[in-house]
Each structure stands twice: as C-alpha cells, then as structure tokens.
Amino acid sequence: MPRFRVAVHVIPRKGILDPQGKAVRDALHTLGFGSVVDAHVGRHLVLEVDAPAEADATAGVRAMCDKLLANPVTEDYEIAGVQLA
C-alpha cells in the first residue's frame, strides 16, 4: 500500500482572539516592520499515512482534523499538500 505525506495547516479562526499572533505582530512593528497588518500563529503538521490512493489519504486526514487535530469552534485547517512519501 502506498504511503502519503500530508501537510496540514491549523490556524485560529478569523475573529478569534490570537494573543500569540498579536505578540508577533507587535514585535515585528517594534523591529521596524510596520507594514505587517496582522499575524496568526498556528500549527503545521506533517502526517505520513498508508492509503490505497491520494483521495483516501486526504479523506482520512480530514477526518483526523475534524475529530482531533483542529478545534472546530476556534480553528480552521487546510490540507496544504499531499505527496507520495
């Protein structure tokens, strides 16, 4: 069975308080990067999964995100890439 490497980005939902993102934005302003309007701090996960096809790997990772990896109340996620491992 093929093994797929799936990259997932989990970020705070728009409108949700993101104190880490605010701290990053403020620090960047302090360092002279005033063009930064907003910053969001999230998580980047890379999962290796065995699946018969890419679509099955993607569907499995979506189920993992829905059930465990992302809080549906406060976070959004996106599958950033799927490739053969």
# chains A, B, ... in the order shown; residues from 1 in each chain; ligands from 1
>>> residues_around(residues="Asn71 (chain A)", least_positions_apart="3", cutoff="10 Å", atoms="only C-alpha atoms", output="PyMOL selection string")
chain A and resi 10-13+65-68+74-77
>>> residues_around(residues="region 38-47 of chain A", least_positions_apart="3", cutoff="9 Å", atoms="only C-alpha atoms", output="list in words")
Phe4, Arg5, Val6, Ala7, Val8, His9, Val10, Ile11, Pro12, Asp18, Pro19, Gln20, Gly21, Lys22, Ala23, Val24, Arg25, Val61 and Glu75 of chain A
>>> select_by_dssp(residues="chain A", states="strand (DSSP E or B)", output="ChimeraX atom specification")
/A:3-12,43-50,75-84
>>> write_last_selection(atoms="N, CA and C atoms", output="short mmCIF file (atom, residue, chain, number, x, y, z; two decimals), in the first residue's frame")
data_model
loop_
_atom_site.label_atom_id
_atom_site.label_comp_id
_atom_site.auth_asym_id
_atom_site.auth_seq_id
_atom_site.Cartn_x
_atom_site.Cartn_y
_atom_site.Cartn_z
N ARG A 3 2.38 4.95 0.69
CA ARG A 3 2.42 5.85 1.86
C ARG A 3 2.44 7.29 1.36
N PHE A 4 1.58 8.11 1.94
CA PHE A 4 1.46 9.52 1.55
C PHE A 4 1.89 10.42 2.69
N ARG A 5 2.55 11.50 2.34
CA ARG A 5 2.91 12.55 3.31
C ARG A 5 1.91 13.68 3.10
N VAL A 6 1.18 14.01 4.15
CA VAL A 6 0.12 15.01 4.06
C VAL A 6 0.46 16.17 5.01
N ALA A 7 0.52 17.39 4.46
CA ALA A 7 0.80 18.58 5.25
C ALA A 7 -0.52 19.29 5.57
N VAL A 8 -0.65 19.69 6.83
CA VAL A 8 -1.87 20.34 7.30
C VAL A 8 -1.49 21.62 8.04
N HIS A 9 -2.21 22.70 7.75
CA HIS A 9 -2.06 23.96 8.48
C HIS A 9 -3.31 24.16 9.33
N VAL A 10 -3.12 24.40 10.63
CA VAL A 10 -4.22 24.69 11.54
C VAL A 10 -3.99 26.11 12.06
N ILE A 11 -4.99 26.98 11.85
CA ILE A 11 -4.84 28.37 12.29
C ILE A 11 -6.09 28.82 13.03
N PRO A 12 -5.94 29.85 13.89
CA PRO A 12 -7.12 30.36 14.59
C PRO A 12 -8.15 30.91 13.59
N ARG A 43 -0.44 25.90 13.77
CA ARG A 43 0.38 24.70 13.79
C ARG A 43 0.51 24.16 12.38
N HIS A 44 1.67 23.59 12.10
CA HIS A 44 1.91 22.91 10.83
C HIS A 44 2.18 21.45 11.17
N LEU A 45 1.38 20.56 10.64
CA LEU A 45 1.56 19.13 10.91
C LEU A 45 1.89 18.42 9.61
N VAL A 46 2.75 17.44 9.69
CA VAL A 46 3.04 16.56 8.56
C VAL A 46 2.76 15.14 9.02
N LEU A 47 1.81 14.51 8.37
CA LEU A 47 1.40 13.15 8.73
C LEU A 47 1.77 12.21 7.59
N GLU A 48 2.30 11.06 7.93
CA GLU A 48 2.54 10.02 6.94
C GLU A 48 1.48 8.94 7.17
N VAL A 49 0.71 8.68 6.12
CA VAL A 49 -0.39 7.72 6.24
C VAL A 49 -0.34 6.72 5.09
N ASP A 50 -0.70 5.49 5.39
CA ASP A 50 -0.84 4.47 4.36
C ASP A 50 -2.26 4.51 3.85
N GLU A 75 -10.75 27.00 15.44
CA GLU A 75 -9.69 26.84 14.44
C GLU A 75 -10.23 26.39 13.10
N ASP A 76 -9.51 26.80 12.07
CA ASP A 76 -9.73 26.30 10.71
C ASP A 76 -8.49 25.50 10.33
N TYR A 77 -8.65 24.61 9.34
CA TYR A 77 -7.49 23.88 8.85
C TYR A 77 -7.57 23.79 7.33
N GLU A 78 -6.40 23.56 6.75
CA GLU A 78 -6.36 23.29 5.31
C GLU A 78 -5.31 22.23 5.05
N ILE A 79 -5.61 21.37 4.12
CA ILE A 79 -4.65 20.37 3.67
C ILE A 79 -3.75 21.11 2.69
N ALA A 80 -2.49 21.28 3.06
CA ALA A 80 -1.59 22.11 2.28
C ALA A 80 -0.91 21.34 1.16
N GLY A 81 -0.84 20.03 1.27
CA GLY A 81 -0.20 19.25 0.21
C GLY A 81 -0.23 17.77 0.53
N VAL A 82 -0.30 16.98 -0.54
CA VAL A 82 -0.27 15.52 -0.42
C VAL A 82 0.74 15.01 -1.45
N GLN A 83 1.66 14.18 -0.99
CA GLN A 83 2.63 13.62 -1.93
C GLN A 83 3.00 12.22 -1.48
N LEU A 84 3.50 11.44 -2.40
CA LEU A 84 3.98 10.12 -2.03
C LEU A 84 5.18 10.27 -1.12
#
>>> select_by_dssp(residues="chain A", states="helix (DSSP H, G or I)", output="list in words")
Pro19, Gln20, Gly21, Lys22, Ala23, Val24, Arg25, Asp26, Ala27, Leu28, His29, Thr30, Glu54, Ala55, Asp56, Ala57, Thr58, Ala59, Gly60, Val61, Arg62, Ala63, Met64, Cys65, Asp66, Lys67, Leu68 and Leu69 of chain A
